[in-house]
>>> print(open('model-v4.tsv').read())   # TSV, C-alpha atoms and all ligand atoms
chain	number	residue	atom	x	y	z
A	9	MET	CA	237.01	275.82	124.68
A	10	THR	CA	239.22	278.63	126.03
A	11	THR	CA	242.39	278.03	128.01
A	12	LEU	CA	242.27	280.37	131.01
A	13	GLU	CA	245.66	279.57	132.53
A	14	LEU	CA	248.29	276.90	133.00
A	15	VAL	CA	248.78	275.64	136.58
A	16	HIS	CA	251.86	273.42	136.97
A	17	GLY	CA	251.55	272.52	133.29
A	18	VAL	CA	247.85	271.65	133.60
A	19	GLU	CA	245.48	273.50	131.32
A	20	ILE	CA	242.66	275.29	133.16
A	21	THR	CA	239.79	275.85	130.78
A	22	ASP	CA	236.34	277.38	130.91
A	23	HIS	CA	234.84	273.99	130.06
A	24	ASN	CA	234.48	270.66	131.81
A	25	PRO	CA	235.50	267.74	129.55
A	26	HIS	CA	232.10	266.24	130.28
A	27	ASP	CA	230.07	269.36	129.54
A	28	ASP	CA	228.22	267.51	126.81
A	29	LEU	CA	226.75	265.20	129.47
A	30	LEU	CA	225.90	267.94	131.97
A	31	ARG	CA	223.11	270.51	132.02
A	32	ALA	CA	225.29	273.41	133.06
A	33	GLU	CA	222.32	275.77	132.99
A	34	ARG	CA	220.92	273.87	136.01
A	35	LEU	CA	224.01	274.59	138.13
A	36	PRO	CA	224.77	275.43	140.88
A	37	HIS	CA	223.30	272.25	142.33
A	38	ILE	CA	221.16	272.12	145.46
A	39	TRP	CA	223.42	269.86	147.54
A	40	CYS	CA	225.01	270.91	150.86
A	41	PRO	CA	228.75	271.58	151.12
A	42	GLY	CA	230.52	268.28	151.77
A	43	CYS	CA	227.71	266.11	150.40
A	44	GLY	CA	228.96	263.01	148.56
A	45	LEU	CA	226.57	263.44	145.65
A	46	GLY	CA	228.98	265.55	143.60
A	47	ILE	CA	231.46	262.68	143.64
A	48	VAL	CA	228.75	260.23	142.64
A	49	THR	CA	227.73	262.51	139.75
A	50	LYS	CA	231.32	262.76	138.57
A	51	CYS	CA	231.74	258.97	138.63
A	52	LEU	CA	228.46	258.36	136.84
A	53	VAL	CA	229.20	260.87	134.07
A	54	GLU	CA	232.68	259.44	133.62
A	55	ALA	CA	231.35	255.86	133.57
A	56	ILE	CA	228.72	256.77	130.96
A	57	LYS	CA	231.39	258.44	128.86
A	58	ARG	CA	233.73	255.46	129.06
A	59	SER	CA	231.01	252.82	128.68
A	60	GLY	CA	231.23	252.76	124.89
A	61	ILE	CA	227.42	252.84	124.84
A	62	PRO	CA	226.11	255.87	122.89
A	63	SER	CA	224.74	258.50	125.26
A	64	ASP	CA	221.36	258.43	123.51
A	65	ARG	CA	220.95	254.84	124.72
A	66	HIS	CA	221.62	255.76	128.36
A	67	VAL	CA	218.57	256.60	130.46
A	68	VAL	CA	218.74	257.61	134.12
A	69	VAL	CA	215.72	257.36	136.41
A	70	SER	CA	215.31	258.57	139.97
A	71	GLY	CA	212.66	258.83	142.67
A	72	ILE	CA	212.51	261.53	145.35
A	73	GLY	CA	215.20	262.84	147.68
A	74	CYS	CA	218.60	264.50	147.51
A	75	THR	CA	220.10	261.72	145.35
A	76	SER	CA	217.10	261.77	143.07
A	77	ARG	CA	217.95	265.32	142.03
A	78	LEU	CA	221.10	263.96	140.35
A	79	PRO	CA	219.63	262.97	136.95
A	80	GLY	CA	218.31	266.52	136.55
A	81	TYR	CA	221.91	267.68	136.09
A	82	LEU	CA	222.61	265.15	133.31
A	83	ASN	CA	222.21	266.01	129.66
A	84	LEU	CA	220.59	262.66	128.85
A	85	ASP	CA	217.09	261.26	128.80
A	86	THR	CA	216.36	261.38	132.52
A	87	TYR	CA	213.20	260.92	134.57
A	88	HIS	CA	212.41	262.20	138.05
A	89	THR	CA	209.55	259.97	139.19
A	90	THR	CA	207.47	259.69	142.37
A	91	HIS	CA	208.77	258.50	145.73
A	92	GLY	CA	209.85	254.86	145.67
A	93	ARG	CA	208.64	254.28	142.12
A	94	ALA	CA	211.85	254.74	140.13
A	95	ILE	CA	212.37	250.99	139.72
A	96	ALA	CA	208.81	250.38	138.54
A	97	PHE	CA	209.23	253.17	135.97
A	98	ALA	CA	212.66	251.88	134.90
A	99	THR	CA	211.33	248.34	134.56
A	100	GLY	CA	208.69	249.57	132.12
A	101	LEU	CA	211.29	251.45	130.09
A	102	LYS	CA	213.59	248.44	129.88
A	103	ILE	CA	210.87	245.98	128.93
A	104	ALA	CA	209.45	248.33	126.30
A	105	ASN	CA	212.88	249.03	124.83
A	106	PRO	CA	215.52	246.45	125.83
A	107	GLU	CA	218.16	248.34	123.81
A	108	LEU	CA	218.26	251.10	126.42
A	109	GLU	CA	220.88	251.10	129.17
A	110	VAL	CA	218.66	251.95	132.11
A	111	THR	CA	220.15	253.18	135.39
A	112	VAL	CA	218.29	254.04	138.57
A	113	VAL	CA	220.07	256.45	140.92
A	114	ALA	CA	218.31	257.02	144.21
A	115	GLY	CA	218.84	257.16	147.92
A	116	ASP	CA	218.46	254.50	150.59
A	117	GLY	CA	215.12	255.93	151.74
A	118	ASP	CA	213.65	255.90	148.25
A	119	LEU	CA	214.90	252.44	147.29
A	120	PHE	CA	214.74	250.45	150.54
A	121	ASN	CA	211.97	252.15	152.53
A	122	ILE	CA	209.35	253.69	150.26
A	123	GLY	CA	210.17	251.54	147.23
A	124	GLY	CA	211.43	248.36	148.91
A	125	ASN	CA	208.84	246.12	147.33
A	126	HIS	CA	209.66	247.28	143.79
A	127	LEU	CA	213.33	246.69	144.49
A	128	ILE	CA	213.08	243.08	145.66
A	129	HIS	CA	210.76	242.10	142.83
A	130	ALA	CA	212.93	243.72	140.14
A	131	ILE	CA	215.83	241.69	141.54
A	132	ARG	CA	213.78	238.49	141.68
A	133	ARG	CA	212.86	239.00	138.00
A	134	ASN	CA	216.49	239.83	137.17
A	135	ILE	CA	215.52	242.85	135.09
A	136	ASP	CA	218.60	244.20	133.31
A	137	LEU	CA	218.82	247.44	135.32
A	138	ASN	CA	221.68	249.24	137.05
A	139	ILE	CA	220.63	250.36	140.52
A	140	PHE	CA	223.02	252.77	142.22
A	141	CYS	CA	221.90	253.40	145.79
A	142	VAL	CA	223.50	256.32	147.60
A	143	ASN	CA	223.31	255.36	151.28
A	144	ASN	CA	223.62	258.25	153.72
A	145	PHE	CA	221.70	256.45	156.51
A	146	ASN	CA	218.84	258.93	156.84
A	147	TYR	CA	216.28	261.00	154.96
A	148	GLY	CA	218.58	263.96	154.30
A	149	MET	CA	216.27	266.13	152.21
A	150	THR	CA	213.44	266.26	154.75
A	151	GLY	CA	215.62	267.01	157.78
A	152	GLY	CA	217.34	263.76	158.70
A	153	GLN	CA	214.66	261.30	159.83
A	154	PHE	CA	215.69	257.69	160.48
A	155	GLY	CA	214.92	254.81	158.12
A	156	SER	CA	215.72	251.15	157.55
A	157	THR	CA	219.39	251.88	156.84
A	158	THR	CA	220.00	253.92	160.02
A	159	PRO	CA	222.43	251.85	162.11
A	160	PRO	CA	221.27	250.69	165.54
A	161	GLY	CA	222.08	253.32	168.18
A	162	ALA	CA	222.59	256.10	165.62
A	163	LYS	CA	221.01	259.46	166.31
A	164	THR	CA	218.76	261.17	163.81
A	165	ALA	CA	216.13	263.91	163.96
A	166	THR	CA	213.53	261.28	164.91
A	167	THR	CA	215.76	259.03	167.05
A	168	PRO	CA	217.38	261.62	169.32
A	169	TYR	CA	218.23	258.98	171.95
A	170	GLY	CA	219.58	256.49	169.40
A	171	ASN	CA	217.89	254.15	166.92
A	172	LEU	CA	216.24	251.13	168.59
A	173	GLU	CA	215.93	249.14	165.36
A	174	ASP	CA	218.32	246.94	163.44
A	175	SER	CA	219.21	248.17	159.97
A	176	PHE	CA	219.26	246.47	156.60
A	177	ASN	CA	222.58	245.16	155.32
A	178	LEU	CA	222.04	246.23	151.70
A	179	PRO	CA	224.45	243.88	149.85
A	180	CYS	CA	223.07	240.95	151.85
A	181	LEU	CA	219.43	241.81	151.12
A	182	VAL	CA	220.07	242.38	147.43
A	183	GLY	CA	222.34	239.32	147.11
A	184	ALA	CA	219.76	237.11	148.85
A	185	ALA	CA	217.05	238.35	146.48
A	186	GLY	CA	219.26	237.17	143.58
A	187	ALA	CA	221.01	240.17	142.00
A	188	SER	CA	223.55	239.38	139.26
A	189	PHE	CA	226.04	241.98	140.49
A	190	VAL	CA	226.42	243.31	144.03
A	191	SER	CA	228.98	245.86	145.04
A	192	ARG	CA	229.67	248.44	147.75
A	193	TRP	CA	232.05	251.39	147.68
A	194	THR	CA	232.26	254.69	149.49
A	195	THR	CA	232.68	258.16	148.03
A	196	VAL	CA	236.36	257.90	148.94
A	197	HIS	CA	236.77	255.01	146.48
A	198	VAL	CA	236.38	257.09	143.35
A	199	ARG	CA	238.29	254.83	140.96
A	200	GLN	CA	236.75	251.62	142.28
A	201	LEU	CA	233.28	253.15	142.14
A	202	LEU	CA	233.83	254.27	138.56
A	203	LYS	CA	234.97	250.77	137.58
A	204	ALA	CA	232.03	249.17	139.37
A	205	MET	CA	229.63	251.45	137.46
A	206	MET	CA	231.30	250.53	134.17
A	207	ARG	CA	231.02	246.84	135.10
A	208	ALA	CA	227.35	247.33	135.99
A	209	PHE	CA	226.71	248.63	132.47
A	210	GLN	CA	228.19	245.41	131.06
A	211	VAL	CA	226.38	243.00	133.38
A	212	GLN	CA	223.41	241.20	131.87
A	213	GLY	CA	220.90	241.29	134.71
A	214	LEU	CA	220.30	243.40	137.76
A	215	ALA	CA	223.44	245.18	138.94
A	216	PHE	CA	223.41	246.88	142.33
A	217	ILE	CA	225.96	249.24	143.86
A	218	GLU	CA	225.66	250.61	147.39
A	219	ILE	CA	227.52	253.92	147.57
A	220	VAL	CA	228.23	254.91	151.18
A	221	SER	CA	228.14	258.69	151.19
A	222	PRO	CA	228.48	261.50	153.73
A	223	CYS	CA	225.51	263.62	154.80
A	224	PRO	CA	227.34	266.06	157.06
A	225	PRO	CA	224.58	268.43	158.24
A	226	THR	CA	222.13	265.78	159.43
A	227	PHE	CA	223.48	262.26	159.98
A	228	GLY	CA	227.09	263.38	160.34
A	229	GLU	CA	226.55	266.14	162.86
A	230	LEU	CA	224.31	264.04	165.12
A	231	ASN	CA	226.74	261.13	165.11
A	232	ARG	CA	229.95	262.80	166.22
A	233	PHE	CA	231.34	263.50	162.75
A	234	GLU	CA	232.44	267.09	163.09
A	235	ASP	CA	232.27	267.81	159.36
A	236	ALA	CA	232.36	266.22	155.91
A	237	TYR	CA	236.09	265.71	156.19
A	238	ALA	CA	235.66	263.64	159.37
A	239	MET	CA	233.20	261.34	157.60
A	240	MET	CA	235.45	260.94	154.57
A	241	GLU	CA	238.37	260.25	156.91
A	242	TYR	CA	236.35	257.53	158.65
A	243	PHE	CA	235.54	255.99	155.24
A	244	ARG	CA	239.23	256.08	154.34
A	245	LYS	CA	240.53	254.74	157.63
A	246	CYS	CA	237.98	252.02	158.31
A	247	SER	CA	237.19	250.67	154.82
A	248	ARG	CA	238.43	247.17	154.11
A	249	VAL	CA	238.41	245.86	150.54
A	250	ASP	CA	237.29	242.22	150.43
A	251	ASP	CA	235.61	240.98	147.25
A	252	HIS	CA	235.16	237.56	148.87
A	253	ALA	CA	233.52	238.78	152.07
A	254	ASP	CA	230.53	236.87	153.39
A	255	ILE	CA	227.80	239.37	152.54
A	256	SER	CA	225.71	238.26	155.49
A	257	GLU	CA	228.37	239.71	157.79
A	258	ILE	CA	229.00	243.16	156.34
A	259	GLY	CA	226.30	245.27	157.98
A	260	LEU	CA	227.37	248.82	158.81
A	261	SER	CA	227.52	250.39	162.27
A	262	MET	CA	229.10	253.68	161.08
A	263	ARG	CA	231.09	253.76	164.31
A	264	GLU	CA	234.84	253.61	164.63
A	265	PRO	CA	236.62	251.22	164.69
A	266	ASP	CA	234.00	249.01	162.99
A	267	PRO	CA	234.99	248.37	159.37
A	268	ILE	CA	233.16	249.32	156.21
A	269	VAL	CA	233.70	246.26	154.06
A	270	VAL	CA	233.76	247.27	150.39
A	271	GLY	CA	234.22	245.34	147.17
A	272	ASN	CA	232.51	243.68	144.24
A	273	PHE	CA	230.92	240.78	146.10
A	274	VAL	CA	228.75	239.08	143.46
A	275	ASP	CA	229.20	238.92	139.69
A	276	LEU	CA	227.12	236.19	138.04
A	277	ARG	CA	225.65	235.46	134.60
A	278	LYS	CA	222.20	234.04	134.98
A	279	PRO	CA	219.05	234.25	132.87
A	280	THR	CA	217.40	237.65	132.87
A	281	TYR	CA	213.72	238.45	132.48
A	282	HIS	CA	214.53	239.59	128.93
A	283	ASP	CA	216.27	236.27	128.04
A	284	ARG	CA	213.18	234.39	129.18
A	285	GLU	CA	210.86	236.76	127.36
A	286	ARG	CA	212.84	236.36	124.13
A	287	GLU	CA	212.81	232.57	124.43
A	288	LEU	CA	209.09	232.55	125.02
A	289	LEU	CA	208.40	234.79	122.01
A	290	GLU	CA	210.58	232.60	119.79
A	291	ARG	CA	208.75	229.48	121.01
A	292	ILE	CA	205.36	231.06	120.33
A	293	ARG	CA	206.48	232.20	116.86
A	294	SER	CA	207.88	228.79	115.92
A	295	GLN	CA	204.69	227.07	117.11
A	296	ALA	CA	202.63	229.46	115.00
A	297	LYS	CA	204.46	228.47	111.79
B	301	LIG	FE1	223.63	265.77	150.68
B	301	LIG	FE2	222.64	265.25	153.12
B	301	LIG	FE3	222.65	267.76	152.17
B	301	LIG	FE4	221.03	265.93	151.13
B	301	LIG	S1	220.96	266.73	153.22
B	301	LIG	S2	222.27	267.40	149.99
B	301	LIG	S3	222.30	264.06	151.23
B	301	LIG	S4	224.47	266.49	152.63
>>> encode(input="model-v4.tsv", output="C-alpha cells")
Amino acid sequence: MTTLELVHGVEITDHNPHDDLLRAERLPHIWCPGCGLGIVTKCLVEAIKRSGIPSDRHVVVSGIGCTSRLPGYLNLDTYHTTHGRAIAFATGLKIANPELEVTVVAGDGDLFNIGGNHLIHAIRRNIDLNIFCVNNFNYGMTGGQFGSTTPPGAKTATTPYGNLEDSFNLPCLVGAAGASFVSRWTTVHVRQLLKAMMRAFQVQGLAFIEIVSPCPPTFGELNRFEDAYAMMEYFRKCSRVDDHADISEIGLSMREPDPIVVGNFVDLRKPTYHDRERELLERIRSQAK
C-alpha cells in the first residue's frame, strides 16, 4: 500500500482498506451517478469484514436488475442467478451447507414481483438467510417501469399519469409471513444499515432488511426529485426512527411530508428450518439404533 498524500492528517492511499473483498478489476461499476447502490455495497463489505465470520464462509446471491449486479463486485463466492430465483438458489445452498452465511442482495422487482412466491415461502420455512432488498420503487435497469412497490400516484415509465395500484408495505408483508428479523433503513442511514446487516448475520432464521435507495434518473426524475441530492435530502428530512412502530402502518408514499419510518422492527428467536431438520435427523438416527 502506497501513501499518496496526507490531507488534514488523513492518509490517502492507492488502496481501499477493503480491497481484499472487492474485485477491483471489475470497476468502474455500471451504476448511474447518484444511485444508492454504492452505499449499499460499502455497508455490505464493511459488515462482512466486521462480522467475525471468515470471508470464505460468506456467500452472496442475487437475481437480475441493477442491485443484482452488486455481488459481481465482491471478491467472495457470489452467484448471479435468473430473475426472481435468487432465494430458491440461496435456499439450496444453505440447506446443502448450513455452515455458510448466505446473503441475498436484490431489488424490489426481483424479490417482490418476479420472485415473490419464493420470498414468502422462504420466510414461512424460516430458512437462515439474510435478504437485503434495495427498494427504489421501480424497475430501474429496464427503464423505470412500475411494480408492486411503486407508491400509489407515483409516475413511472409505464404509469405516466400516476400509479393506480396500492403498493406493498415490505416490512409488514415480511413480518406477517413470519421473518425472524425485519428492518428498514435508507441509504442516508449508513451506520444503522451497517449495524442491521451485522445483526442479520447473527440472527438464526430469516433476516430481512429493506433499504430505501434513490434511483435518480427514472423514479426520482419523474416524481419531482430534481437529482440524487434531493432524494437523499427527503430521506434525511422525513425519516423517523421508531423500532416499535406498528409495521402494518409504515407503508411508503415517497411524498413529502409523509414520513419514512425506519428501524429494527422485529428481532425474534424461533425455530428455523435447519433446527427442525437437525431434530428430525437425530430422531431418525436414535430410532435406528
Ligand atoms: Fe441505480 Fe436506478 Fe441507475 Fe439502476 S437505474 S443504476 S437503480 S440509479
>>> residues_around(input="model-v4.tsv", residues="segment 37-45 of chain A", least_positions_apart="5", cutoff="7 Å", atoms="only C-alpha atoms", output="PyMOL selection string")
chain A and resi 75+195+221-224+236
>>> closest_residue(input="model-v4.tsv", among="A:Glu109, A:Glu257, A:Asp251, A:Glu218", to="Ile56 of chain A", atoms="only C-alpha atoms")
A:Glu109
>>> residues_near_ligand(input="model-v4.tsv", ligand="ligand LIG 301 (chain B)", cutoff="12 Å", atoms="all atoms listed in the file", output="MDAnalysis selection string")
chainID A and resid 37:48 72:78 114:117 141:153 219:229 235:236 239
>>> atom_distance(input="model-v4.tsv", atom1="atom CA of Leu29 of chain A", atom2="atom CA of Leu82 of chain A")
5.6 Å
>>> atom_distance(input="model-v4.tsv", atom1="atom CA of Ala104 of chain A", atom2="atom CA of Thr86 of chain A")
16.0 Å
>>> atom_distance(input="model-v4.tsv", atom1="atom CA of Asn231 of chain A", atom2="atom CA of Arg192 of chain A")
21.7 Å
